[in-house]
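Colleague: Next comes upload-v1.cif, mmCIF, C-alpha atoms:
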data_structure
#
loop_
_atom_site.group_PDB
_atom_site.id
_atom_site.type_symbol
_atom_site.label_atom_id
_atom_site.label_comp_id
_atom_site.auth_asym_id
_atom_site.auth_seq_id
_atom_site.Cartn_x
_atom_site.Cartn_y
_atom_site.Cartn_z
ATOM 1 C CA SER A 1 46.454 -27.484 14.060
ATOM 2 C CA PHE A 2 46.504 -31.121 15.207
ATOM 3 C CA VAL A 3 46.506 -30.082 18.819
ATOM 4 C CA SER A 4 43.656 -27.706 18.240
ATOM 5 C CA PHE A 5 41.367 -30.246 16.562
ATOM 6 C CA HIS A 6 42.385 -33.108 18.899
ATOM 7 C CA SER A 7 41.604 -31.018 21.921
ATOM 8 C CA LEU A 8 37.990 -30.894 20.907
ATOM 9 C CA SER A 9 37.543 -34.592 21.804
ATOM 10 C CA THR A 10 40.139 -34.992 24.610
ATOM 11 C CA PRO A 11 39.312 -34.365 28.290
ATOM 12 C CA ARG A 12 40.933 -31.270 29.691
ATOM 13 C CA SER A 13 42.969 -33.151 32.362
ATOM 14 C CA ARG A 14 44.538 -35.509 29.837
ATOM 15 C CA LEU A 15 45.144 -32.671 27.384
ATOM 16 C CA THR A 16 46.855 -30.604 30.051
ATOM 17 C CA SER A 17 49.256 -33.343 31.127
ATOM 18 C CA CYS A 18 50.008 -34.226 27.546
ATOM 19 C CA CYS A 19 50.683 -30.730 26.493
ATOM 20 C CA GLU A 20 52.781 -29.889 29.511
ATOM 21 C CA GLY A 21 55.030 -32.823 28.744
ATOM 22 C CA ALA A 22 55.459 -31.558 25.206
ATOM 23 C CA GLY A 23 56.215 -28.059 26.339
ATOM 24 C CA ILE A 24 53.089 -26.591 24.804
ATOM 25 C CA PRO A 25 51.283 -23.844 26.746
ATOM 26 C CA THR A 26 47.978 -25.034 28.159
ATOM 27 C CA SER A 27 46.346 -21.663 28.830
ATOM 28 C CA PRO A 28 43.267 -21.078 26.722
ATOM 29 C CA PRO A 29 43.904 -19.053 23.617
ATOM 30 C CA THR A 30 42.986 -15.401 23.662
ATOM 31 C CA ILE A 31 40.018 -14.671 21.482
ATOM 32 C CA HIS A 32 40.417 -11.449 19.528
ATOM 33 C CA HIS A 33 37.110 -9.900 18.590
ATOM 34 C CA LEU A 34 36.773 -8.508 15.148
ATOM 35 C CA PRO A 35 36.716 -4.723 15.020
ATOM 36 C CA THR A 36 33.337 -3.178 14.488
ATOM 37 C CA LYS A 37 34.729 -0.766 11.905
ATOM 38 C CA PRO A 38 34.854 -2.392 8.461
ATOM 39 C CA ILE A 39 38.290 -3.095 7.088
ATOM 40 C CA THR A 40 38.851 -1.718 3.642
ATOM 41 C CA MET A 41 41.286 -3.017 1.052
ATOM 42 C CA ALA A 42 43.218 0.225 1.294
ATOM 43 C CA ALA A 43 43.713 -0.311 5.033
ATOM 44 C CA ILE A 44 44.892 -3.907 4.504
ATOM 45 C CA THR A 45 47.365 -2.791 1.861
ATOM 46 C CA ARG A 46 48.834 -0.123 4.106
ATOM 47 C CA ALA A 47 49.079 -2.525 7.048
ATOM 48 C CA THR A 48 50.745 -5.369 5.148
ATOM 49 C CA SER A 49 53.231 -3.024 3.523
ATOM 50 C CA LEU A 50 54.494 -1.822 6.906
ATOM 51 C CA LEU A 51 54.336 -4.984 9.058
ATOM 52 C CA ALA A 52 55.786 -8.460 8.680
ATOM 53 C CA VAL A 53 53.367 -11.125 9.856
ATOM 54 C CA LYS A 54 54.981 -13.889 11.945
ATOM 55 C CA SER A 55 53.372 -17.314 12.348
ATOM 56 C CA THR A 56 54.497 -20.239 14.449
ATOM 57 C CA PHE A 57 54.150 -23.737 13.024
ATOM 58 C CA GLY A 58 55.812 -26.790 14.551
ATOM 59 C CA GLY A 59 58.183 -24.655 16.587
ATOM 60 C CA LYS A 60 59.604 -22.926 13.502
ATOM 61 C CA ALA A 61 59.225 -19.251 12.943
ATOM 62 C CA VAL A 62 58.093 -18.314 9.512
ATOM 63 C CA GLN A 63 58.227 -14.661 8.483
ATOM 64 C CA SER A 64 56.186 -13.528 5.534
ATOM 65 C CA LYS A 65 56.936 -10.174 3.951
ATOM 66 C CA ALA A 66 54.476 -8.384 1.788
ATOM 67 C CA LYS A 67 55.660 -6.346 -1.111
ATOM 68 C CA ALA A 68 55.307 -2.627 -0.586
ATOM 69 C CA GLN A 69 52.407 -1.272 -2.576
ATOM 70 C CA PRO A 70 52.740 2.103 -4.222
ATOM 71 C CA ALA A 71 50.667 4.812 -2.594
ATOM 72 C CA SER A 72 47.463 5.468 -4.419
ATOM 73 C CA SER A 73 47.658 8.626 -6.449
ATOM 74 C CA ARG A 74 45.204 11.405 -5.760
ATOM 75 C CA SER A 75 44.349 14.367 -7.921
ATOM 76 C CA VAL A 76 43.975 17.728 -6.186
ATOM 77 C CA VAL A 77 41.442 20.138 -7.668
ATOM 78 C CA ASN A 78 41.489 23.766 -6.640
ATOM 79 C CA VAL A 79 37.948 25.106 -6.510
ATOM 80 C CA THR A 80 37.621 28.857 -6.928
ATOM 81 C CA ALA A 81 34.456 30.927 -6.920
ATOM 82 C CA GLU A 82 33.393 31.989 -10.368
ATOM 83 C CA LYS A 83 32.980 35.668 -11.087
ATOM 84 C CA LYS A 84 29.379 36.825 -11.143
ATOM 85 C CA MET A 85 28.522 38.199 -14.558
ATOM 86 C CA PHE A 86 25.763 40.510 -15.746
ATOM 87 C CA TYR A 87 24.239 37.537 -17.535
ATOM 88 C CA PRO A 88 25.076 33.795 -17.510
ATOM 89 C CA GLY A 89 27.793 32.788 -19.935
ATOM 90 C CA ALA A 90 29.106 36.293 -20.522
ATOM 91 C CA ILE A 91 32.862 36.737 -20.910
ATOM 92 C CA SER A 92 34.448 39.426 -18.797
ATOM 93 C CA PRO A 93 37.114 41.713 -20.281
ATOM 94 C CA ALA A 94 40.561 41.029 -18.852
ATOM 95 C CA TYR A 95 40.878 44.531 -17.383
ATOM 96 C CA LEU A 96 37.780 43.984 -15.233
ATOM 97 C CA ASP A 97 39.562 41.830 -12.659
ATOM 98 C CA GLN A 98 37.133 42.273 -9.722
ATOM 99 C CA SER A 99 39.383 44.853 -8.082
ATOM 100 C CA LEU A 100 36.491 47.321 -8.349
ATOM 101 C CA ALA A 101 33.367 46.883 -6.239
ATOM 102 C CA GLY A 102 30.330 45.863 -8.263
ATOM 103 C CA ASP A 103 32.353 44.416 -11.150
ATOM 104 C CA TYR A 104 30.074 42.143 -13.184
ATOM 105 C CA GLY A 105 31.993 42.266 -16.446
ATOM 106 C CA TRP A 106 29.782 44.918 -18.079
ATOM 107 C CA ASP A 107 31.667 47.144 -20.504
ATOM 108 C CA PRO A 108 30.273 46.455 -23.999
ATOM 109 C CA LEU A 109 31.962 49.503 -25.560
ATOM 110 C CA GLY A 110 35.339 48.931 -23.926
ATOM 111 C CA PHE A 111 35.532 52.304 -22.199
ATOM 112 C CA GLY A 112 37.544 50.814 -19.337
ATOM 113 C CA ALA A 113 40.313 49.337 -21.477
ATOM 114 C CA ASP A 114 42.481 52.339 -20.591
ATOM 115 C CA PRO A 115 43.434 51.965 -16.878
ATOM 116 C CA THR A 116 43.580 55.745 -16.399
ATOM 117 C CA ALA A 117 40.148 56.227 -17.950
ATOM 118 C CA LEU A 118 38.712 53.314 -15.952
ATOM 119 C CA LYS A 119 39.822 54.943 -12.711
ATOM 120 C CA TRP A 120 38.091 58.199 -13.617
ATOM 121 C CA TYR A 121 34.938 56.452 -14.880
ATOM 122 C CA ARG A 122 34.612 54.720 -11.529
ATOM 123 C CA GLN A 123 34.747 58.079 -9.728
ATOM 124 C CA ALA A 124 32.180 59.528 -12.123
ATOM 125 C CA GLU A 125 29.894 56.554 -11.554
ATOM 126 C CA ILE A 126 30.139 56.932 -7.779
ATOM 127 C CA VAL A 127 29.259 60.638 -7.930
ATOM 128 C CA HIS A 128 26.292 60.090 -10.272
ATOM 129 C CA ALA A 129 25.103 57.153 -8.177
ATOM 130 C CA ARG A 130 25.109 59.209 -4.988
ATOM 131 C CA TRP A 131 23.292 62.124 -6.625
ATOM 132 C CA ALA A 132 20.724 59.698 -8.050
ATOM 133 C CA MET A 133 20.088 58.129 -4.651
ATOM 134 C CA LEU A 134 19.523 61.574 -3.142
ATOM 135 C CA GLY A 135 17.273 62.595 -6.041
ATOM 136 C CA VAL A 136 15.137 59.463 -5.954
ATOM 137 C CA ALA A 137 14.706 59.706 -2.190
ATOM 138 C CA GLY A 138 13.741 63.381 -2.556
ATOM 139 C CA ILE A 139 11.211 62.711 -5.308
ATOM 140 C CA LEU A 140 9.507 59.934 -3.372
ATOM 141 C CA GLY A 141 9.560 61.875 -0.119
ATOM 142 C CA GLN A 142 8.175 65.021 -1.740
ATOM 143 C CA GLU A 143 5.273 63.174 -3.406
ATOM 144 C CA ILE A 144 4.382 61.352 -0.203
ATOM 145 C CA LEU A 145 4.683 64.351 2.133
ATOM 146 C CA VAL A 146 3.533 67.116 -0.243
ATOM 147 C CA PRO A 147 1.394 65.372 -2.886
ATOM 148 C CA ASP A 148 -0.103 68.634 -4.148
ATOM 149 C CA VAL A 149 3.216 69.648 -5.734
ATOM 150 C CA PHE A 150 4.386 67.780 -8.830
ATOM 151 C CA TRP A 151 8.089 67.130 -8.410
ATOM 152 C CA TYR A 152 8.868 67.896 -12.045
ATOM 153 C CA GLU A 153 7.449 71.398 -11.601
ATOM 154 C CA ALA A 154 8.724 72.012 -8.082
ATOM 155 C CA ALA A 155 11.376 74.460 -9.315
ATOM 156 C CA LEU A 156 8.933 76.695 -11.188
ATOM 157 C CA PRO A 157 8.497 80.206 -9.710
ATOM 158 C CA GLU A 158 4.956 79.517 -8.490
ATOM 159 C CA ASN A 159 6.248 76.656 -6.358
ATOM 160 C CA LEU A 160 9.237 78.534 -4.917
ATOM 161 C CA PRO A 161 9.356 80.983 -1.975
ATOM 162 C CA SER A 162 7.813 84.390 -2.570
ATOM 163 C CA PHE A 163 11.130 86.211 -2.997
ATOM 164 C CA VAL A 164 11.723 84.225 -6.189
ATOM 165 C CA ASN A 165 9.605 86.217 -8.643
ATOM 166 C CA ASP A 166 9.920 87.660 -12.126
ATOM 167 C CA ASP A 167 12.369 90.252 -10.850
ATOM 168 C CA PHE A 168 14.600 87.595 -9.356
ATOM 169 C CA ASN A 169 17.819 87.086 -11.254
ATOM 170 C CA LEU A 170 17.806 83.380 -12.073
ATOM 171 C CA GLY A 171 21.215 83.692 -13.710
ATOM 172 C CA SER A 172 22.792 84.551 -10.351
ATOM 173 C CA ILE A 173 21.624 81.215 -8.939
ATOM 174 C CA PHE A 174 23.071 79.362 -11.912
ATOM 175 C CA ALA A 175 26.366 81.220 -11.559
ATOM 176 C CA PHE A 176 26.555 80.526 -7.827
ATOM 177 C CA GLU A 177 25.822 76.824 -8.354
ATOM 178 C CA PHE A 178 28.398 76.652 -11.132
ATOM 179 C CA LEU A 179 31.133 78.125 -8.938
ATOM 180 C CA LEU A 180 30.375 75.783 -6.049
ATOM 181 C CA MET A 181 30.201 72.681 -8.233
ATOM 182 C CA HIS A 182 33.308 73.719 -10.119
ATOM 183 C CA TYR A 183 35.240 74.111 -6.859
ATOM 184 C CA VAL A 184 34.189 70.660 -5.670
ATOM 185 C CA GLU A 185 35.047 69.044 -9.004
ATOM 186 C CA VAL A 186 38.467 70.706 -9.095
ATOM 187 C CA ARG A 187 39.199 69.370 -5.625
ATOM 188 C CA ARG A 188 38.139 65.926 -6.727
ATOM 189 C CA TRP A 189 40.384 66.178 -9.793
ATOM 190 C CA GLN A 190 43.317 67.126 -7.552
ATOM 191 C CA ASP A 191 42.679 64.059 -5.409
ATOM 192 C CA TYR A 192 42.546 61.967 -8.562
ATOM 193 C CA LYS A 193 45.890 63.279 -9.796
ATOM 194 C CA LYS A 194 47.564 63.141 -6.392
ATOM 195 C CA PRO A 195 45.676 60.946 -3.893
ATOM 196 C CA GLY A 196 45.531 62.423 -0.400
ATOM 197 C CA SER A 197 46.479 65.944 -1.485
ATOM 198 C CA VAL A 198 43.082 67.417 -0.511
ATOM 199 C CA ASN A 199 42.459 65.524 2.707
ATOM 200 C CA GLU A 200 42.818 68.660 4.840
ATOM 201 C CA ASP A 201 40.273 71.485 4.871
ATOM 202 C CA PRO A 202 41.862 74.460 3.013
ATOM 203 C CA ILE A 203 40.114 77.011 5.242
ATOM 204 C CA PHE A 204 39.796 75.363 8.643
ATOM 205 C CA LYS A 205 43.236 73.885 9.063
ATOM 206 C CA GLY A 206 43.516 70.804 11.203
ATOM 207 C CA ASN A 207 40.248 69.326 9.968
ATOM 208 C CA SER A 208 40.988 66.361 7.744
ATOM 209 C CA VAL A 209 39.591 63.022 6.637
ATOM 210 C CA PRO A 210 41.405 59.666 6.355
ATOM 211 C CA ASN A 211 40.524 59.201 2.667
ATOM 212 C CA THR A 212 42.268 55.828 2.464
ATOM 213 C CA GLU A 213 40.699 55.290 -0.962
ATOM 214 C CA MET A 214 39.617 57.886 -3.500
ATOM 215 C CA GLY A 215 35.896 58.489 -3.370
ATOM 216 C CA TYR A 216 35.578 57.209 0.195
ATOM 217 C CA PRO A 217 36.802 60.023 2.459
ATOM 218 C CA GLY A 218 35.583 58.503 5.734
ATOM 219 C CA GLY A 219 35.846 60.567 8.909
ATOM 220 C CA ILE A 220 32.836 62.872 9.310
ATOM 221 C CA PHE A 221 31.416 61.419 6.082
ATOM 222 C CA ASP A 222 31.195 58.014 7.760
ATOM 223 C CA PRO A 223 29.406 58.746 11.057
ATOM 224 C CA PHE A 224 28.302 55.126 11.534
ATOM 225 C CA GLY A 225 31.775 53.671 10.964
ATOM 226 C CA PHE A 226 30.818 51.404 8.078
ATOM 227 C CA SER A 227 34.306 51.688 6.606
ATOM 228 C CA LYS A 228 35.794 49.916 9.622
ATOM 229 C CA GLY A 229 34.119 46.649 8.631
ATOM 230 C CA ASP A 230 34.081 44.822 5.313
ATOM 231 C CA MET A 231 34.764 47.832 3.100
ATOM 232 C CA LYS A 232 34.465 45.944 -0.199
ATOM 233 C CA THR A 233 31.015 44.635 0.711
ATOM 234 C CA MET A 234 29.789 48.105 1.668
ATOM 235 C CA GLN A 235 31.184 49.563 -1.560
ATOM 236 C CA THR A 236 29.380 46.887 -3.567
ATOM 237 C CA LYS A 237 26.089 47.606 -1.819
ATOM 238 C CA GLU A 238 26.481 51.323 -2.427
ATOM 239 C CA ILE A 239 27.251 51.035 -6.119
ATOM 240 C CA LYS A 240 24.433 48.527 -6.688
ATOM 241 C CA ASN A 241 21.895 50.794 -4.985
ATOM 242 C CA GLY A 242 23.339 53.761 -6.882
ATOM 243 C CA ARG A 243 22.954 52.035 -10.233
ATOM 244 C CA LEU A 244 19.368 51.135 -9.400
ATOM 245 C CA ALA A 245 18.736 54.754 -8.390
ATOM 246 C CA MET A 246 20.115 56.053 -11.703
ATOM 247 C CA VAL A 247 17.757 53.767 -13.624
ATOM 248 C CA ALA A 248 14.885 54.779 -11.315
ATOM 249 C CA PHE A 249 15.550 58.487 -11.823
ATOM 250 C CA ALA A 250 15.484 58.033 -15.591
ATOM 251 C CA GLY A 251 12.182 56.194 -15.205
ATOM 252 C CA PHE A 252 10.731 58.900 -12.953
ATOM 253 C CA THR A 253 11.671 61.546 -15.514
ATOM 254 C CA ILE A 254 10.075 59.685 -18.429
ATOM 255 C CA GLN A 255 6.936 59.040 -16.363
ATOM 256 C CA ALA A 256 6.662 62.739 -15.543
ATOM 257 C CA GLN A 257 7.042 63.754 -19.182
ATOM 258 C CA ALA A 258 4.651 61.131 -20.540
ATOM 259 C CA LEU A 259 1.927 61.217 -17.883
ATOM 260 C CA GLY A 260 2.474 64.388 -15.911
ATOM 261 C CA GLU A 261 2.421 62.325 -12.716
ATOM 262 C CA GLY A 262 4.904 61.313 -10.070
ATOM 263 C CA PRO A 263 6.163 57.738 -9.545
ATOM 264 C CA VAL A 264 3.737 56.932 -6.735
ATOM 265 C CA GLU A 265 0.666 58.072 -8.690
ATOM 266 C CA SER A 266 1.948 56.334 -11.837
ATOM 267 C CA LEU A 267 2.308 53.105 -9.876
ATOM 268 C CA LYS A 268 -1.254 53.437 -8.562
ATOM 269 C CA GLN A 269 -2.575 53.890 -12.092
ATOM 270 C CA HIS A 270 -0.715 50.836 -13.324
ATOM 271 C CA LEU A 271 -1.889 48.640 -10.445
ATOM 272 C CA SER A 272 -5.508 49.714 -10.922
ATOM 273 C CA ASN A 273 -5.390 49.096 -14.687
ATOM 274 C CA PRO A 274 -2.333 47.038 -15.709
ATOM 275 C CA GLY A 275 -3.548 46.513 -19.265
ATOM 276 C CA GLY A 276 -4.434 50.132 -19.889
ATOM 277 C CA SER A 277 -1.537 51.900 -18.189
ATOM 278 C CA ASN A 278 1.831 50.441 -19.001
ATOM 279 C CA ILE A 279 4.952 51.142 -21.017
ATOM 280 C CA LEU A 280 3.322 50.092 -24.302
ATOM 281 C CA THR A 281 0.090 52.036 -23.944
ATOM 282 C CA ASN A 282 1.987 55.190 -22.929
ATOM 283 C CA LEU A 283 4.596 54.955 -25.660
ATOM 284 C CA GLY A 284 4.967 58.270 -27.491
ATOM 285 C CA LYS A 285 2.947 60.347 -25.030
ATOM 286 C CA CYS A 286 4.277 63.719 -23.842
ATOM 287 C CA VAL A 287 2.313 66.197 -21.753
ATOM 288 C CA LEU A 288 5.067 68.774 -21.330
ATOM 289 C CA PRO A 289 4.857 72.198 -22.927
ATOM 290 C CA ASP A 290 7.516 73.119 -25.427
ATOM 291 C CA SER A 291 9.077 75.567 -22.970
ATOM 292 C CA VAL A 292 8.576 77.302 -19.633
ATOM 293 C CA VAL A 293 9.459 80.801 -18.468
ATOM 294 C CA ALA A 294 11.258 81.156 -15.161
ATOM 295 C CA SER A 295 12.318 84.617 -13.931
ATOM 296 C CA GLY A 296 12.176 85.949 -17.472
ATOM 297 C CA VAL A 297 14.270 83.109 -18.854
ATOM 298 C CA VAL A 298 12.718 80.831 -21.478
ATOM 299 C CA ILE A 299 13.712 77.233 -20.763
ATOM 300 C CA PRO A 300 12.969 74.601 -23.439
ATOM 301 C CA THR A 301 11.458 71.407 -22.117
ATOM 302 C CA PRO A 302 11.838 68.671 -24.714
ATOM 303 C CA CYS A 303 10.551 65.179 -23.990
ATOM 304 C CA LEU A 304 13.068 62.377 -23.666
ATOM 305 C CA TRP A 305 10.353 59.802 -24.233
ATOM 306 C CA PRO A 306 10.173 58.654 -27.890
#
Please go through the file and, once you have read it, give me the structure as structure tokens.

Modeller:
Amino acid sequence: SFVSFHSLSTPRSRLTSCCEGAGIPTSPPTIHHLPTKPITMAAITRATSLLAVKSTFGGKAVQSKAKAQPASSRSVVNVTAEKKMFYPGAISPAYLDQSLAGDYGWDPLGFGADPTALKWYRQAEIVHARWAMLGVAGILGQEILVPDVFWYEAALPENLPSFVNDDFNLGSIFAFEFLLMHYVEVRRWQDYKKPGSVNEDPIFKGNSVPNTEMGYPGGIFDPFGFSKGDMKTMQTKEIKNGRLAMVAFAGFTIQAQALGEGPVESLKQHLSNPGGSNILTNLGKCVLPDSVVASGVVIPTPCLWP
């Protein structure tokens, strides 16, 4: 320190000769620039706990040791995505564990508490959802393409081909449909009891489907190869659209019974007069006859609308 301060007022030549005689290096000290990155207290603590700082004073080496500081404790928080519920704050039953696509915790009556029943209910929901999507698309397409025919009356004899007349045996159609639907449902029940047991065509041997998961046969039923991607996402989209279609079909049916119009015409009426044509103003209306006669068979037509 003395040398450093004295050198400020001593000529360099005299300082050099003096210092050389004393055995002190005369080369100018190296100036260490401060780092541009700010030094934090945590960095200083880590550095001093690992290094011993040596200082030279009067030819004696002095070694200062810093006490090791305990590592700062950190708390680790695992963040997991919360389950989407059918309304905020709802509590999901334990058996709805998101293993099923479209699981939003909705089972107010506890039908799915039995694992066996839950498996079958899911298959029933898929089948109804797919039928509803087909039905809704057919109703909308029919009203747009053939607006003269009311979809609710499309199956009446006057709207069917000419060979369907009063002499036509309507019971034979019902019986034929029953046998076909019964066969399909039995096959589905067999797949439910023993997965994969009905993958092969019983008539045309050699034709089969992968059917890696019940209700999703794949193969020729998946011509665009959607199942090869994110299967769970595609299943969720299907069941969500299917649920919307089931609600829509119920709405189409009530509209037809209350107004005698299809969904497109009912929407036009509401948009042209929102205050005069809505769910409240049409409450209790029913334009259907008590029954209709088709091929000699009297079919009651009660209104579902209260």

Colleague: Taking only C-alpha atoms into account, which of A:Leu271, A:Val287, A:Leu100, A:Cys303 comes nearest Lys119 in chain A?

Modeller: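 For Lys119 in chain A, the nearest of the candidates is A:Leu100.
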
Colleague: Name all residues at most 8 Å from Gln257 in chain A (count all atoms listed in the file; drop same-chain ones fewer than 5 positions away) and give them as a PyMOL selection string.

Modeller: chain A and resi 285-288+303-305

Colleague: Output, as JSON, the centre and edge lengths in Å (one decimal) of the axis-aligned box that contains all listed atoms of range 254-273 of chain A with 8 Å of margin on each side.

Modeller:
{"center_x": 2.3, "center_y": 56.5, "center_z": -13.6, "size_x": 31.6, "size_y": 31.7, "size_z": 29.8}

Colleague: Could you tell me which of A:Lys193, A:Gly138, A:Pro202, A:Pro157 comes closest to Leu170 in chain A if we count only C-alpha atoms?

Modeller: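 Using only C-alpha atoms, the shortest distance to Leu170 in chain A belongs to A:Pro157.
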
Colleague: Near range 143-156 of chain A, within 7 Å and counting all atoms listed in the file, which residues show up once chain neighbours fewer than 5 positions away are dropped, as a list in words?

Modeller: Ala256, Glu261, Gly262 and Ala294 of chain A

Colleague: Convert the current residue selection to file output with C-alpha atoms, as an mmCIF file, in the frame of the given file.

Modeller:
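And here's selection33.cif as it stands now:
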data_model
loop_
_atom_site.group_PDB
_atom_site.id
_atom_site.type_symbol
_atom_site.label_atom_id
_atom_site.label_comp_id
_atom_site.auth_asym_id
_atom_site.auth_seq_id
_atom_site.Cartn_x
_atom_site.Cartn_y
_atom_site.Cartn_z
ATOM 1 C CA ALA A 256 6.662 62.739 -15.543
ATOM 2 C CA GLU A 261 2.421 62.325 -12.716
ATOM 3 C CA GLY A 262 4.904 61.313 -10.070
ATOM 4 C CA ALA A 294 11.258 81.156 -15.161
#

Colleague: For Met234 in chain A, which of A:Gly102, A:Asp167, A:Phe86, A:Thr301 is the closest residue, counting all atoms listed in the file?

Modeller: A:Gly102

Colleague: When distances are computed from all atoms listed in the file, which of A:Lys83, A:Lys240, A:His270, A:Arg130 shows the smallest separation from Gly105 in chain A?

Modeller: A:Lys83

Colleague: Go ahead and compute the interatomic distance for CA of Leu280 in chain A and CA of Pro302 in chain A, in Å to one decimal.

Modeller: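 It comes out at 20.4 Å.
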
Colleague: Quick one: distance from CA of Ser92 in chain A to CA of Asp107 in chain A in Å, one decimal?

Modeller: 8.4 Å

Colleague: As an exercise, work out the distance from CA of Met181 in chain A to CA of Lys237 in chain A in Å and give it to one decimal place.

Modeller: 26.2 Å

Colleague: Determine the residue membership of the PyMOL selection byres ((chain A and resi 104) around 12) for the file above and supply it as number ranges by chain.

Modeller: A: 82-103, 105-108, 236, 239-240

Colleague: Please reconstruct the missing atoms of range 183-196 of chain A (target: N, CA, C and O atoms) and return them as a short mmCIF file (atom, residue, chain, number, x, y, z; two decimals), in the coordinates of the input.

Modeller:
data_model
loop_
_atom_site.label_atom_id
_atom_site.label_comp_id
_atom_site.auth_asym_id
_atom_site.auth_seq_id
_atom_site.Cartn_x
_atom_site.Cartn_y
_atom_site.Cartn_z
N TYR A 183 34.25 74.22 -7.93
CA TYR A 183 35.24 74.11 -6.86
C TYR A 183 35.34 72.67 -6.36
O TYR A 183 36.44 72.13 -6.19
N VAL A 184 34.19 72.05 -6.15
CA VAL A 184 34.19 70.66 -5.67
C VAL A 184 34.83 69.73 -6.69
O VAL A 184 35.62 68.83 -6.34
N GLU A 185 34.50 69.91 -7.97
CA GLU A 185 35.05 69.04 -9.00
C GLU A 185 36.55 69.24 -9.16
O GLU A 185 37.29 68.28 -9.42
N VAL A 186 37.02 70.46 -9.02
CA VAL A 186 38.47 70.71 -9.10
C VAL A 186 39.18 70.01 -7.95
O VAL A 186 40.26 69.40 -8.13
N ARG A 187 38.60 70.07 -6.77
CA ARG A 187 39.20 69.37 -5.62
C ARG A 187 39.22 67.86 -5.86
O ARG A 187 40.20 67.18 -5.52
N ARG A 188 38.17 67.37 -6.44
CA ARG A 188 38.14 65.93 -6.73
C ARG A 188 39.17 65.56 -7.79
O ARG A 188 39.80 64.50 -7.72
N TRP A 189 39.37 66.42 -8.77
CA TRP A 189 40.38 66.18 -9.79
C TRP A 189 41.78 66.19 -9.19
O TRP A 189 42.64 65.39 -9.56
N GLN A 190 42.02 67.08 -8.23
CA GLN A 190 43.32 67.13 -7.55
C GLN A 190 43.57 65.83 -6.78
O GLN A 190 44.69 65.32 -6.77
N ASP A 191 42.53 65.32 -6.15
CA ASP A 191 42.68 64.06 -5.41
C ASP A 191 42.92 62.90 -6.36
O ASP A 191 43.63 61.95 -6.04
N TYR A 192 42.34 63.00 -7.54
CA TYR A 192 42.55 61.97 -8.56
C TYR A 192 43.99 61.98 -9.06
O TYR A 192 44.61 60.92 -9.25
N LYS A 193 44.52 63.16 -9.29
CA LYS A 193 45.89 63.28 -9.80
C LYS A 193 46.92 62.96 -8.73
O LYS A 193 47.95 62.33 -8.99
N LYS A 194 46.64 63.38 -7.49
CA LYS A 194 47.56 63.14 -6.39
C LYS A 194 46.75 62.73 -5.16
O LYS A 194 46.32 63.57 -4.38
N PRO A 195 46.52 61.42 -5.00
CA PRO A 195 45.68 60.95 -3.89
C PRO A 195 46.16 61.45 -2.53
O PRO A 195 47.35 61.42 -2.22
N GLY A 196 45.22 61.94 -1.74
CA GLY A 196 45.53 62.42 -0.40
C GLY A 196 45.92 63.88 -0.33
O GLY A 196 46.12 64.42 0.77
#
